[in-house]
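Scroll down for the structure; my scribbles are underneath it.
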Amino acid sequence: SCEHPQRLRRLYEGCLATGAINEAVDWLKAAANAGDAASQNELADIYMAGKLVSRDPAEAARWRRMAAQSLSSAIQPRPEIPKPADDRS
């Protein structure tokens with residue numbers, strides 16, 4: 001999605017506050033599909049608890065895996081800077 005995940009999360013929260021549950025879940029999914037790990041984790045919680053949606057442990061696990069992948073790709077180790085071959089220090 002071209003949308004910024006934080007904007008999508010705000011739309012989710014706004015819909016949730018007004019009781020537009022289906023629309024809220026759609027916005028949260030859009031944020032999650034845009035790579036937002038917090039939204040992915042929240043969807044996992046929602047599906048596991050059966051809160052806002054029908055309980056679906058398999059769907060919860062799928063979102064949890066996506067969140068783990070998003071977090072691990074955001075925390076890539078920095079490559080080491082090679083020392084010159086003749087450095088004897």
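Chain labels follow the order of the structure tokens: the first chain is A, the next B, and so on; residue numbering restarts at 1 in every chain, and ligands are counted from 1 in their shown order.
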When DSSP is applied to the backbone of this structure, which of chain A are assigned alpha helix (DSSP H)? Write them out as number ranges by chain. A: 5-18, 21-33, 37-49, 57-74
Please provide the set of residues having any atom within 12 Å of range 38-48 of chain A, restricted to only C-alpha atoms, with same-chain residues fewer than 2 positions apart removed, written as JSON, numbers by chain. {"A": [5, 6, 7, 8, 9, 10, 12, 13, 21, 24, 25, 26, 27, 28, 29, 30, 31, 32, 33, 34, 35, 36, 50, 51, 52, 53, 54, 55, 56, 57, 58, 59, 60, 61, 62, 63, 64, 65, 66, 67, 68, 69, 70, 71]}
